[in-house]
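Structure data follow from final_34.tsv (TSV, C-alpha atoms and all ligand atoms):
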chain	number	residue	atom	x	y	z
A	137	MET	CA	31.10	-17.91	-11.15
A	138	LYS	CA	30.45	-15.36	-8.42
A	139	LYS	CA	26.83	-14.22	-8.19
A	140	ILE	CA	26.37	-10.47	-8.56
A	141	LYS	CA	23.61	-9.27	-6.22
A	142	LEU	CA	21.50	-6.55	-7.80
A	143	GLY	CA	18.85	-4.10	-6.68
A	144	PHE	CA	16.58	-2.19	-9.08
A	145	VAL	CA	14.63	1.02	-8.54
A	146	GLY	CA	11.83	1.64	-11.04
A	147	ALA	CA	10.18	-0.99	-13.22
A	148	GLY	CA	8.36	1.21	-15.74
A	149	PHE	CA	8.67	1.04	-19.53
A	150	ASN	CA	12.38	1.58	-19.91
A	151	GLY	CA	13.17	-0.10	-16.61
A	152	GLN	CA	11.77	-3.34	-18.03
A	153	ILE	CA	12.65	-3.09	-21.73
A	154	GLY	CA	16.05	-1.43	-21.45
A	155	HIS	CA	17.33	-2.92	-18.21
A	156	LEU	CA	15.49	-5.77	-16.45
A	157	ASP	CA	15.29	-7.77	-19.69
A	158	SER	CA	18.98	-7.21	-20.42
A	159	PHE	CA	20.32	-7.98	-16.94
A	160	LYS	CA	18.09	-11.07	-16.77
A	161	LYS	CA	19.99	-12.55	-19.74
A	162	ILE	CA	23.27	-12.49	-17.77
A	163	LYS	CA	23.74	-15.80	-16.00
A	164	ASN	CA	25.43	-14.69	-12.78
A	165	CYS	CA	23.00	-11.85	-12.00
A	166	ASP	CA	21.08	-12.39	-8.80
A	167	PHE	CA	17.87	-10.30	-8.75
A	168	VAL	CA	17.77	-9.64	-5.01
A	169	ALA	CA	15.54	-6.60	-4.53
A	170	LEU	CA	13.15	-4.36	-6.45
A	171	ALA	CA	11.75	-0.98	-5.42
A	172	GLU	CA	8.63	-0.03	-7.37
A	173	ASP	CA	5.93	2.34	-6.15
A	174	ARG	CA	3.03	0.95	-8.20
A	175	ASP	CA	1.54	-2.03	-6.32
A	176	LYS	CA	0.26	-4.24	-9.12
A	177	LEU	CA	3.28	-3.55	-11.25
A	178	ARG	CA	5.63	-4.32	-8.37
A	179	ASN	CA	4.00	-7.71	-7.75
A	180	LEU	CA	3.92	-8.71	-11.42
A	181	VAL	CA	7.50	-7.64	-12.07
A	182	LYS	CA	8.71	-9.35	-8.91
A	183	LYS	CA	7.15	-12.59	-10.14
A	184	LYS	CA	8.26	-12.32	-13.77
A	185	TYR	CA	11.91	-11.55	-12.98
A	186	LYS	CA	12.04	-13.73	-9.85
A	187	PHE	CA	13.11	-11.05	-7.39
A	188	LYS	CA	13.61	-12.32	-3.84
A	189	LYS	CA	12.21	-9.13	-2.26
A	190	ALA	CA	10.15	-6.17	-3.42
A	191	TYR	CA	9.62	-2.81	-1.71
A	192	LYS	CA	7.31	0.11	-2.35
A	193	SER	CA	10.00	2.76	-2.11
A	194	HIS	CA	13.73	3.03	-2.55
A	195	TYR	CA	13.98	4.16	1.09
A	196	GLU	CA	12.61	0.78	2.24
A	197	LEU	CA	15.05	-1.02	-0.03
A	198	LEU	CA	17.90	1.05	1.39
A	199	LYS	CA	16.86	0.23	4.95
A	200	ASN	CA	16.56	-3.51	4.39
A	201	GLU	CA	19.21	-4.46	1.84
A	202	LYS	CA	22.77	-3.96	2.89
A	203	LYS	CA	24.59	-6.50	0.76
A	204	LEU	CA	23.96	-5.55	-2.86
A	205	ASP	CA	26.86	-5.41	-5.33
A	206	GLY	CA	25.08	-2.79	-7.43
A	207	VAL	CA	21.83	-0.84	-7.81
A	208	ILE	CA	20.20	0.11	-11.14
A	209	ILE	CA	18.05	3.25	-11.04
A	210	VAL	CA	15.53	3.92	-13.83
A	211	THR	CA	13.05	6.56	-12.71
A	212	LYS	CA	11.66	9.84	-13.98
A	213	ARG	CA	14.39	12.26	-14.90
A	214	ASN	CA	14.20	14.77	-12.04
A	215	MET	CA	14.20	11.86	-9.56
A	216	THR	CA	17.27	10.08	-10.93
A	217	ALA	CA	19.87	12.30	-9.25
A	218	PRO	CA	18.44	12.45	-5.69
A	219	ILE	CA	17.82	8.68	-5.64
A	220	ALA	CA	21.38	8.09	-6.90
A	221	TYR	CA	22.58	10.44	-4.15
A	222	ASP	CA	20.78	8.40	-1.45
A	223	PHE	CA	22.37	5.16	-2.65
A	224	ILE	CA	25.86	6.58	-3.12
A	225	LYS	CA	25.65	8.14	0.35
A	226	ASN	CA	24.91	4.68	1.71
A	227	ASN	CA	27.96	3.18	-0.04
A	228	PHE	CA	26.24	1.40	-2.95
A	229	ASN	CA	27.66	1.04	-6.45
A	230	VAL	CA	25.19	2.74	-8.75
A	231	PHE	CA	24.12	2.67	-12.39
A	232	THR	CA	21.52	5.23	-13.49
A	233	GLU	CA	19.77	6.08	-16.71
A	234	LYS	CA	20.71	9.29	-18.46
A	235	PRO	CA	20.69	12.19	-17.91
A	236	MET	CA	22.65	11.70	-14.66
A	237	ALA	CA	21.22	14.97	-13.32
A	238	ALA	CA	19.63	18.19	-14.56
A	239	SER	CA	22.71	20.39	-14.32
A	240	PHE	CA	26.48	20.32	-14.18
A	241	MET	CA	26.43	21.38	-10.49
A	242	GLN	CA	24.06	18.56	-9.52
A	243	ALA	CA	26.16	16.07	-11.48
A	244	LYS	CA	29.35	17.36	-9.87
A	245	LYS	CA	27.85	16.89	-6.42
A	246	LEU	CA	27.10	13.25	-7.25
A	247	VAL	CA	30.55	12.57	-8.70
A	248	LYS	CA	32.23	14.21	-5.72
A	249	LEU	CA	30.26	12.04	-3.32
A	250	SER	CA	30.97	8.86	-5.32
A	251	ASN	CA	34.71	9.67	-5.17
A	252	LYS	CA	34.55	10.32	-1.45
A	253	LYS	CA	32.63	7.09	-0.85
A	254	LYS	CA	34.83	5.14	-3.31
A	255	VAL	CA	31.82	3.58	-5.01
A	256	LEU	CA	31.30	2.87	-8.71
A	257	TYR	CA	28.99	5.27	-10.52
A	258	LYS	CA	28.01	4.61	-14.14
A	259	ILE	CA	25.56	6.37	-16.46
A	260	GLY	CA	23.39	4.71	-19.12
A	261	TYR	CA	24.36	6.09	-22.50
A	262	ASN	CA	23.67	2.77	-24.17
A	263	LYS	CA	24.39	3.72	-27.79
A	264	ILE	CA	28.17	3.47	-27.44
A	265	PHE	CA	27.76	-0.22	-26.57
A	266	ASP	CA	26.42	-1.07	-30.03
A	267	PRO	CA	28.81	-3.55	-31.73
A	268	VAL	CA	28.61	-1.53	-34.96
A	269	VAL	CA	29.73	1.58	-33.09
A	270	TRP	CA	32.64	-0.42	-31.63
A	271	LYS	CA	33.74	-1.55	-35.06
A	272	ALA	CA	33.49	1.99	-36.43
A	273	LYS	CA	35.50	3.33	-33.49
A	274	LYS	CA	38.21	0.73	-34.10
A	275	LEU	CA	38.53	1.85	-37.73
A	276	PHE	CA	38.47	5.50	-36.68
A	277	ASP	CA	41.30	4.90	-34.19
A	278	ASN	CA	43.43	2.89	-36.63
A	279	GLN	CA	45.83	5.39	-38.14
A	280	LYS	CA	47.09	2.89	-40.70
A	281	ILE	CA	43.57	2.77	-42.15
A	282	THR	CA	42.69	6.45	-41.85
A	283	LYS	CA	45.99	7.99	-42.98
A	284	ASP	CA	45.12	7.75	-46.71
A	285	LEU	CA	42.00	9.76	-46.06
A	286	GLY	CA	43.88	12.83	-44.85
A	287	ARG	CA	42.90	15.16	-42.04
A	288	ILE	CA	39.50	15.33	-40.40
A	289	ILE	CA	37.90	18.44	-41.86
A	290	MET	CA	34.38	18.42	-40.40
A	291	VAL	CA	32.05	16.37	-38.20
A	292	LYS	CA	28.27	16.28	-38.34
A	293	SER	CA	25.97	14.87	-35.70
A	294	HIS	CA	22.37	14.92	-36.73
A	295	ARG	CA	19.13	13.75	-35.20
A	296	LEU	CA	15.72	14.49	-36.62
A	297	SER	CA	13.47	12.07	-34.87
A	298	GLY	CA	9.91	11.03	-34.27
A	299	SER	CA	8.67	8.87	-31.41
A	300	GLY	CA	11.12	6.00	-31.93
A	301	TYR	CA	9.09	3.54	-29.89
A	302	PRO	CA	7.32	0.37	-31.02
A	303	LYS	CA	3.52	0.60	-31.43
A	304	GLN	CA	2.91	-2.32	-29.09
A	305	PRO	CA	5.91	-2.63	-26.78
A	306	ASN	CA	6.25	-5.94	-25.00
A	307	TYR	CA	6.30	-5.11	-21.29
A	308	ILE	CA	4.07	-5.27	-18.22
A	309	ASP	CA	1.79	-2.25	-18.23
A	310	THR	CA	-0.83	-2.25	-15.46
A	311	ASN	CA	-2.35	1.14	-16.28
A	312	GLU	CA	-1.80	2.23	-12.69
A	313	LYS	CA	-1.11	5.96	-12.33
A	314	ASN	CA	2.63	6.75	-12.42
A	315	LYS	CA	2.29	9.31	-9.64
A	316	LYS	CA	5.50	9.02	-7.63
A	317	SER	CA	7.12	12.44	-7.72
A	318	GLU	CA	9.65	12.58	-4.90
A	319	PRO	CA	12.46	12.87	-4.08
A	320	PHE	CA	13.23	15.35	-6.85
A	321	TRP	CA	15.88	17.95	-7.63
A	322	PRO	CA	15.27	21.05	-9.81
A	323	SER	CA	15.01	20.21	-13.49
A	324	ALA	CA	17.48	22.84	-14.80
A	325	PRO	CA	20.60	24.74	-13.68
A	326	SER	CA	20.05	27.41	-11.00
A	327	TRP	CA	21.46	30.18	-13.25
A	328	MET	CA	18.83	29.56	-15.96
A	329	ASN	CA	15.67	31.63	-16.40
A	330	LYS	CA	12.51	29.54	-15.93
A	331	LYS	CA	11.30	30.31	-19.46
A	332	TYR	CA	14.02	28.04	-20.88
A	333	PHE	CA	13.41	25.05	-18.57
A	334	LYS	CA	11.15	22.97	-20.80
A	335	ASP	CA	13.30	23.28	-23.90
A	336	TYR	CA	16.48	22.72	-21.89
A	337	GLU	CA	15.10	19.52	-20.30
A	338	LYS	CA	14.08	18.19	-23.69
A	339	TYR	CA	17.44	19.04	-25.22
A	340	LEU	CA	19.41	17.46	-22.38
A	341	ASN	CA	17.27	14.33	-22.44
A	342	LEU	CA	17.29	13.67	-26.19
A	343	TYR	CA	20.48	15.14	-27.55
A	344	SER	CA	22.90	14.35	-24.74
A	345	HIS	CA	23.01	10.99	-26.61
A	346	ASN	CA	24.59	12.88	-29.54
A	347	ILE	CA	27.02	14.72	-27.27
A	348	ASN	CA	28.02	11.43	-25.65
A	349	MET	CA	28.63	9.84	-29.06
A	350	ILE	CA	30.63	12.84	-30.32
A	351	ARG	CA	32.85	12.66	-27.24
A	352	PHE	CA	33.18	8.87	-27.57
A	353	PHE	CA	34.80	9.43	-30.98
A	354	LEU	CA	36.54	12.77	-30.61
A	355	GLY	CA	37.42	12.99	-26.92
A	356	ASP	CA	37.59	16.13	-24.84
A	357	GLU	CA	38.98	18.85	-27.11
A	358	LEU	CA	35.60	20.39	-27.82
A	359	THR	CA	34.40	23.93	-27.24
A	360	VAL	CA	31.15	25.72	-28.08
A	361	LYS	CA	31.37	28.25	-30.91
A	362	SER	CA	27.71	29.14	-31.44
A	363	ALA	CA	24.26	27.86	-30.56
A	364	ASN	CA	20.84	28.50	-32.03
A	365	LEU	CA	18.23	26.68	-30.03
A	366	ASN	CA	15.36	29.09	-30.45
A	367	ASP	CA	13.88	27.47	-33.50
A	368	ASN	CA	10.90	25.34	-32.44
A	369	TYR	CA	11.69	22.96	-35.25
A	370	ILE	CA	15.45	22.56	-35.71
A	371	SER	CA	18.31	23.52	-33.40
A	372	SER	CA	21.84	24.01	-34.66
A	373	VAL	CA	25.00	24.11	-32.62
A	374	LEU	CA	28.55	24.64	-33.80
A	375	LEU	CA	31.34	23.14	-31.74
A	376	ASN	CA	35.06	23.40	-32.39
A	377	TYR	CA	37.18	20.27	-32.29
A	378	LYS	CA	40.89	20.84	-31.63
A	379	LYS	CA	40.28	24.60	-31.85
A	380	SER	CA	39.45	24.74	-35.58
A	381	ILE	CA	37.56	21.70	-36.90
A	382	PRO	CA	33.82	22.39	-37.12
A	383	VAL	CA	31.44	19.95	-35.45
A	384	LEU	CA	27.87	20.70	-36.46
A	385	LEU	CA	25.04	19.36	-34.31
A	386	THR	CA	21.59	19.63	-35.87
A	387	THR	CA	18.62	18.31	-33.94
A	388	GLY	CA	14.85	18.46	-33.93
A	389	PHE	CA	11.60	16.70	-34.57
A	390	PHE	CA	10.30	15.05	-37.71
A	391	THR	CA	6.86	13.64	-38.21
A	392	LYS	CA	5.95	11.08	-35.53
A	393	GLU	CA	7.24	8.18	-37.63
A	394	GLY	CA	10.27	9.98	-39.07
A	395	TRP	CA	13.82	9.15	-38.11
A	396	ASP	CA	17.19	10.38	-39.34
A	397	ASP	CA	20.02	10.01	-36.83
A	398	TYR	CA	23.69	9.83	-37.77
A	399	LEU	CA	27.27	10.77	-36.99
A	400	GLN	CA	29.44	11.62	-39.98
A	401	ILE	CA	33.15	12.30	-39.82
A	402	PHE	CA	34.51	13.93	-42.97
A	403	TYR	CA	38.15	13.52	-44.00
A	404	GLU	CA	39.85	15.32	-46.89
A	405	ASN	CA	39.31	12.22	-49.06
A	406	GLY	CA	36.38	10.32	-47.64
A	407	TYR	CA	34.08	9.90	-44.66
A	408	LEU	CA	32.81	7.58	-41.97
A	409	LYS	CA	29.04	7.70	-41.52
A	410	ILE	CA	27.22	5.80	-38.78
A	411	ASN	CA	23.42	5.60	-38.99
A	412	PHE	CA	21.44	4.98	-35.83
A	413	PRO	CA	17.92	3.54	-36.10
A	414	PRO	CA	15.32	4.11	-33.35
A	415	GLN	CA	16.88	1.94	-30.68
A	416	HIS	CA	13.75	0.61	-29.00
A	417	ILE	CA	12.44	-0.90	-32.22
A	418	SER	CA	13.93	-4.37	-32.49
A	419	GLY	CA	15.23	-5.89	-35.73
A	420	LYS	CA	16.78	-2.64	-36.97
A	421	SER	CA	20.54	-2.44	-37.09
A	422	THR	CA	22.94	0.42	-36.70
A	423	ASP	CA	25.17	0.51	-39.77
A	424	PHE	CA	28.15	2.40	-41.07
A	425	LEU	CA	29.73	3.28	-44.36
A	426	PHE	CA	33.44	4.01	-44.53
A	427	HIS	CA	33.74	5.82	-47.84
A	428	ARG	CA	37.26	5.39	-49.27
A	429	VAL	CA	36.83	5.10	-53.03
A	430	ASN	CA	38.45	8.49	-53.55
A	431	VAL	CA	41.75	6.94	-52.44
A	432	GLY	CA	41.32	3.80	-54.53
A	433	LYS	CA	40.20	1.59	-51.65
A	434	LYS	CA	37.03	-0.42	-51.25
A	435	ASN	CA	34.26	1.14	-49.17
A	436	ILE	CA	33.54	-0.68	-45.94
A	437	ILE	CA	29.89	-1.25	-45.11
A	438	TYR	CA	28.94	-2.91	-41.85
A	439	LYS	CA	25.77	-3.78	-40.00
A	440	SER	CA	24.86	-6.26	-37.32
A	441	ASN	CA	21.65	-6.84	-35.45
A	442	LYS	CA	22.78	-9.87	-33.53
A	443	THR	CA	22.65	-8.04	-30.25
A	444	TRP	CA	21.55	-4.65	-29.03
A	445	SER	CA	23.28	-1.96	-27.07
A	446	PHE	CA	21.19	-2.28	-23.88
A	447	ASP	CA	22.27	-5.94	-23.50
A	448	LEU	CA	25.95	-5.04	-23.91
A	449	GLN	CA	25.56	-2.06	-21.59
A	450	ALA	CA	24.20	-4.37	-18.85
A	451	LYS	CA	27.09	-6.79	-19.42
A	452	SER	CA	29.51	-3.91	-19.16
A	453	PHE	CA	28.12	-2.84	-15.76
A	454	ILE	CA	28.41	-6.41	-14.45
A	455	LYS	CA	32.01	-6.55	-15.66
A	456	ASP	CA	32.67	-3.20	-13.94
A	457	LEU	CA	31.30	-4.62	-10.69
A	458	GLU	CA	33.44	-7.75	-11.04
A	459	LEU	CA	36.59	-5.73	-11.66
A	460	ASN	CA	35.60	-2.92	-9.29
A	461	LYS	CA	36.39	-0.39	-12.02
A	462	ILE	CA	34.20	1.38	-14.55
A	463	LYS	CA	35.46	1.17	-18.10
A	464	TYR	CA	32.94	3.30	-20.01
A	465	ASN	CA	30.52	6.08	-19.09
A	466	GLU	CA	31.79	6.62	-15.58
A	467	GLY	CA	30.05	9.50	-13.77
A	468	SER	CA	33.23	11.61	-13.83
A	469	ASP	CA	33.42	11.23	-17.62
A	470	ILE	CA	29.73	11.99	-18.23
A	471	LEU	CA	30.23	15.15	-16.18
A	472	LYS	CA	32.05	16.47	-19.28
A	473	ASP	CA	28.95	15.80	-21.41
A	474	MET	CA	26.90	17.74	-18.85
A	475	LEU	CA	29.32	20.66	-19.01
A	476	LEU	CA	29.16	20.74	-22.80
A	477	VAL	CA	25.34	20.75	-22.80
A	478	GLU	CA	25.28	23.51	-20.22
A	479	ASN	CA	27.86	25.55	-22.17
A	480	ILE	CA	25.71	25.18	-25.31
A	481	TRP	CA	22.78	26.67	-23.39
A	482	LYS	CA	24.93	29.43	-21.86
A	483	LYS	CA	26.14	30.38	-25.34
A	484	TYR	CA	22.60	30.39	-26.75
A	485	ILE	CA	21.17	32.51	-23.92
A	486	TYR	CA	24.15	34.88	-24.04
A	487	GLU	CA	23.78	35.32	-27.82
A	488	GLN	CA	20.04	35.91	-27.44
A	489	ASN	CA	20.46	38.62	-24.82
A	490	ARG	CA	23.40	40.41	-26.42
B	501	LIG	N1	18.57	5.36	-22.99
B	501	LIG	C1	17.44	5.62	-23.61
B	501	LIG	O1	17.37	5.59	-24.80
B	501	LIG	C2	16.20	5.94	-22.83
B	501	LIG	C3	14.95	5.80	-23.42
B	501	LIG	C4	13.82	6.08	-22.65
B	501	LIG	C5	13.96	6.51	-21.32
B	501	LIG	N2	15.20	6.65	-20.80
B	501	LIG	C6	15.37	7.09	-19.40
B	501	LIG	O2	14.70	6.16	-18.55
B	501	LIG	C7	14.12	6.87	-17.47
B	501	LIG	C8	12.63	6.67	-17.46
B	501	LIG	O3	12.36	5.30	-17.46
B	501	LIG	P1	10.90	4.75	-17.59
B	501	LIG	O4	10.35	5.05	-18.94
B	501	LIG	O5	10.99	3.32	-17.19
B	501	LIG	O6	10.14	5.63	-16.48
B	501	LIG	P2	8.73	5.40	-15.86
B	501	LIG	O7	8.31	6.71	-15.27
B	501	LIG	O8	7.84	4.67	-16.81
B	501	LIG	O9	9.05	4.39	-14.67
B	501	LIG	C9	9.64	4.76	-13.47
B	501	LIG	C10	9.11	3.81	-12.40
B	501	LIG	O10	9.80	4.04	-11.21
B	501	LIG	C11	8.90	3.97	-10.11
B	501	LIG	N3	9.50	4.79	-9.05
B	501	LIG	C12	9.90	6.06	-9.16
B	501	LIG	N4	10.50	6.48	-8.02
B	501	LIG	C13	10.50	5.43	-7.19
B	501	LIG	C14	10.97	5.24	-5.85
B	501	LIG	N5	11.58	6.23	-5.17
B	501	LIG	N6	10.78	4.05	-5.26
B	501	LIG	C15	10.16	3.07	-5.94
B	501	LIG	N7	9.69	3.19	-7.22
B	501	LIG	C16	9.86	4.37	-7.82
B	501	LIG	C17	7.58	4.52	-10.67
B	501	LIG	O11	6.48	4.01	-9.97
B	501	LIG	C18	7.62	4.02	-12.11
B	501	LIG	O12	6.97	2.80	-12.29
B	501	LIG	C19	14.44	8.32	-17.63
B	501	LIG	O13	15.58	8.61	-16.86
B	501	LIG	C20	14.76	8.45	-19.11
B	501	LIG	O14	15.67	9.48	-19.40
B	501	LIG	C21	16.31	6.36	-21.51

Could you write out this file's structure as structure tokens?
Amino acid sequence: MKKIKLGFVGAGFNGQIGHLDSFKKIKNCDFVALAEDRDKLRNLVKKKYKFKKAYKSHYELLKNEKKLDGVIIVTKRNMTAPIAYDFIKNNFNVFTEKPMAASFMQAKKLVKLSNKKKVLYKIGYNKIFDPVVWKAKKLFDNQKITKDLGRIIMVKSHRLSGSGYPKQPNYIDTNEKNKKSEPFWPSAPSWMNKKYFKDYEKYLNLYSHNINMIRFFLGDELTVKSANLNDNYISSVLLNYKKSIPVLLTTGFFTKEGWDDYLQIFYENGYLKINFPPQHISGKSTDFLFHRVNVGKKNIIYKSNKTWSFDLQAKSFIKDLELNKIKYNEGSDILKDMLLVENIWKKYIYEQNR
């Protein structure tokens, strides 16, 4: 089996838990080079994951490593896009955490460059790689199964969440200051007034997961009908699917421990509801209920916690590298998520200032 030579930038919390751990489980991954700014952390992570080389900055890695099959970038959000840009410019295949950038224009610049350079560019929306989500999508796509249920009449995507992280996560934490702050690109679109930046960043970071999941099921025929994001507690957005089917997106914060995250697709005679637990807490499974009793069929209930989405996401990137083609969450596809988020904010700001 051909070894896949990997480089990693960033070995913080999610870099370790969501990525290094998952790629390490794949037999033919060769951990060639790590870039991590924090000295103690870099040394400990290099040892634990058996990296051949470790560098303090991604620039050093770029200068010294020319033969990597792919680079995984997991850094602070406003640093993700410029670091991805540096690697794509130097002809590397790249996988980054979400969000891919802070605006549609930034994202477009990255996608354009990746097309010009003919490199692979994938974004980490891990939730679609959950095996329960796959199974639900298969049912959703199977017209023989769904035809009894009638037309889709409404879709609801809902996330009221708390922290979602384990109390004592199992990763190397050296307590060194996480002070690296460059290179960075602006954290919001250039057309946006500064007063919206903080809320926009939060929305893009947390709820682009919902947008990605909605598009995974429904595809591209989505437009923004209205947006109310000014409530400090709950935001509500109304999208239109195929011009007339309402897609309601309600999001916000619960108590710290609270969690209620689901996608529900309503048919005339039933529904498909997928519940998502906090994904960084192990042992909790995504599940779905396909409610069909109204048409005289048994409900289908499914859950599985045999594997988690981050592991399957890592496998998917390795497969992409082997086949030299990205199957899911390619940069050019995630660009559409970015456009939808930005259009939600344009609608909200327009409605506010009318
Ligand atoms: N998919 C999810 O559910 C999910 C969950 C949490 C976080 N995330 C994403 O993960 C990212 C944050 O990950 P994290 O929690 O590991 O961040 P972090 O800030 O804890 O770690 C980033 C690490 O990168 C290092 N670093 C930054 N720039 C560097 C450079 N140029 N060269 C070398 N080292 C550099 C820093 O020293 C730091 O240790 C964000 O993009 C966030 O959106 C995704």

Specify the axis-aligned box that encloses all atoms of ligand LIG 501 (chain B) listed in the file after padding of 6 Å on each side, stating its centre and edge lengths in Å to one decimal as lines of an AutoDock Vina configuration file.
center_x = 12.5
center_y = 6.1
center_z = -15.0
size_x = 24.1
size_y = 18.7
size_z = 31.6

Let me have all residues with an atom within 6 Å of ligand LIG 501 (chain B), counting all atoms listed in the file, laid out as a VMD selection string. chain A and resid 145 to 151 171 to 174 192 to 194 210 to 213 233 to 235 261 to 262 314 316 341

With distances taken over all atoms listed in the file, which residue among A:Phe240, A:Phe187, A:Tyr221, A:Phe453 lies nearest Phe320 of chain A?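 Selected residue with least distance to Phe320 of chain A: A:Tyr221.
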
For Leu471 of chain A, work out the shell of residues within 9 Å, counting only C-alpha atoms and skipping chain neighbours fewer than 6 positions away, then give it as number ranges by chain. A: 236, 240, 243-244, 247

Quote the spacing between atom CA of Gly206 of chain A and atom CA of Asn441 of chain A in Å to one decimal place.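 Atom CA of Asn441 of chain A lies 28.5 Å from atom CA of Gly206 of chain A.
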
Near Gly260 of chain A, within 10 Å and counting all atoms listed in the file, which residues show up once chain neighbours fewer than 5 positions away are dropped, as a short mmCIF file (atom, residue, chain, number, x, y, z; two decimals) with C-alpha atoms, keeping the file's coordinate frame?
data_model
loop_
_atom_site.label_atom_id
_atom_site.label_comp_id
_atom_site.auth_asym_id
_atom_site.auth_seq_id
_atom_site.Cartn_x
_atom_site.Cartn_y
_atom_site.Cartn_z
CA GLY A 154 16.05 -1.43 -21.45
CA HIS A 155 17.33 -2.92 -18.21
CA ILE A 208 20.20 0.11 -11.14
CA ILE A 209 18.05 3.25 -11.04
CA VAL A 210 15.53 3.92 -13.83
CA PHE A 231 24.12 2.67 -12.39
CA THR A 232 21.52 5.23 -13.49
CA GLU A 233 19.77 6.08 -16.71
CA LYS A 234 20.71 9.29 -18.46
CA PRO A 235 20.69 12.19 -17.91
CA MET A 236 22.65 11.70 -14.66
CA PHE A 265 27.76 -0.22 -26.57
CA HIS A 345 23.01 10.99 -26.61
CA PHE A 446 21.19 -2.28 -23.88
CA GLN A 449 25.56 -2.06 -21.59
CA ALA A 450 24.20 -4.37 -18.85
CA PHE A 453 28.12 -2.84 -15.76
CA TYR A 464 32.94 3.30 -20.01
CA ASN A 465 30.52 6.08 -19.09
CA GLU A 466 31.79 6.62 -15.58
CA GLY A 467 30.05 9.50 -13.77
CA ILE A 470 29.73 11.99 -18.23
#

Check the smallest atom-to-atom distance from each of A:Lys280, A:Lys263, A:Arg295, A:Lys361 to Gln415 of chain A using all atoms listed in the file, then report the winner.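 Distance minimum relative to Gln415 of chain A lands on A:Lys263.
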
Could you tell me which of A:Leu197, A:Ala217, A:Ile417, A:Leu246 comes closest to Lys303 of chain A if we count only C-alpha atoms? A:Ile417

Enter the distance from atom CA of Asn251 of chain A to atom CA of Met474 of chain A, in Å, rounded to one decimal.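 These atoms are spaced 17.7 Å apart.
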
Could you check the closest approach to Ile264 of chain A for each of A:Tyr407, A:Phe159, A:Phe352, A:Tyr336 and tell me which residue wins, using all atoms listed in the file? A:Phe352
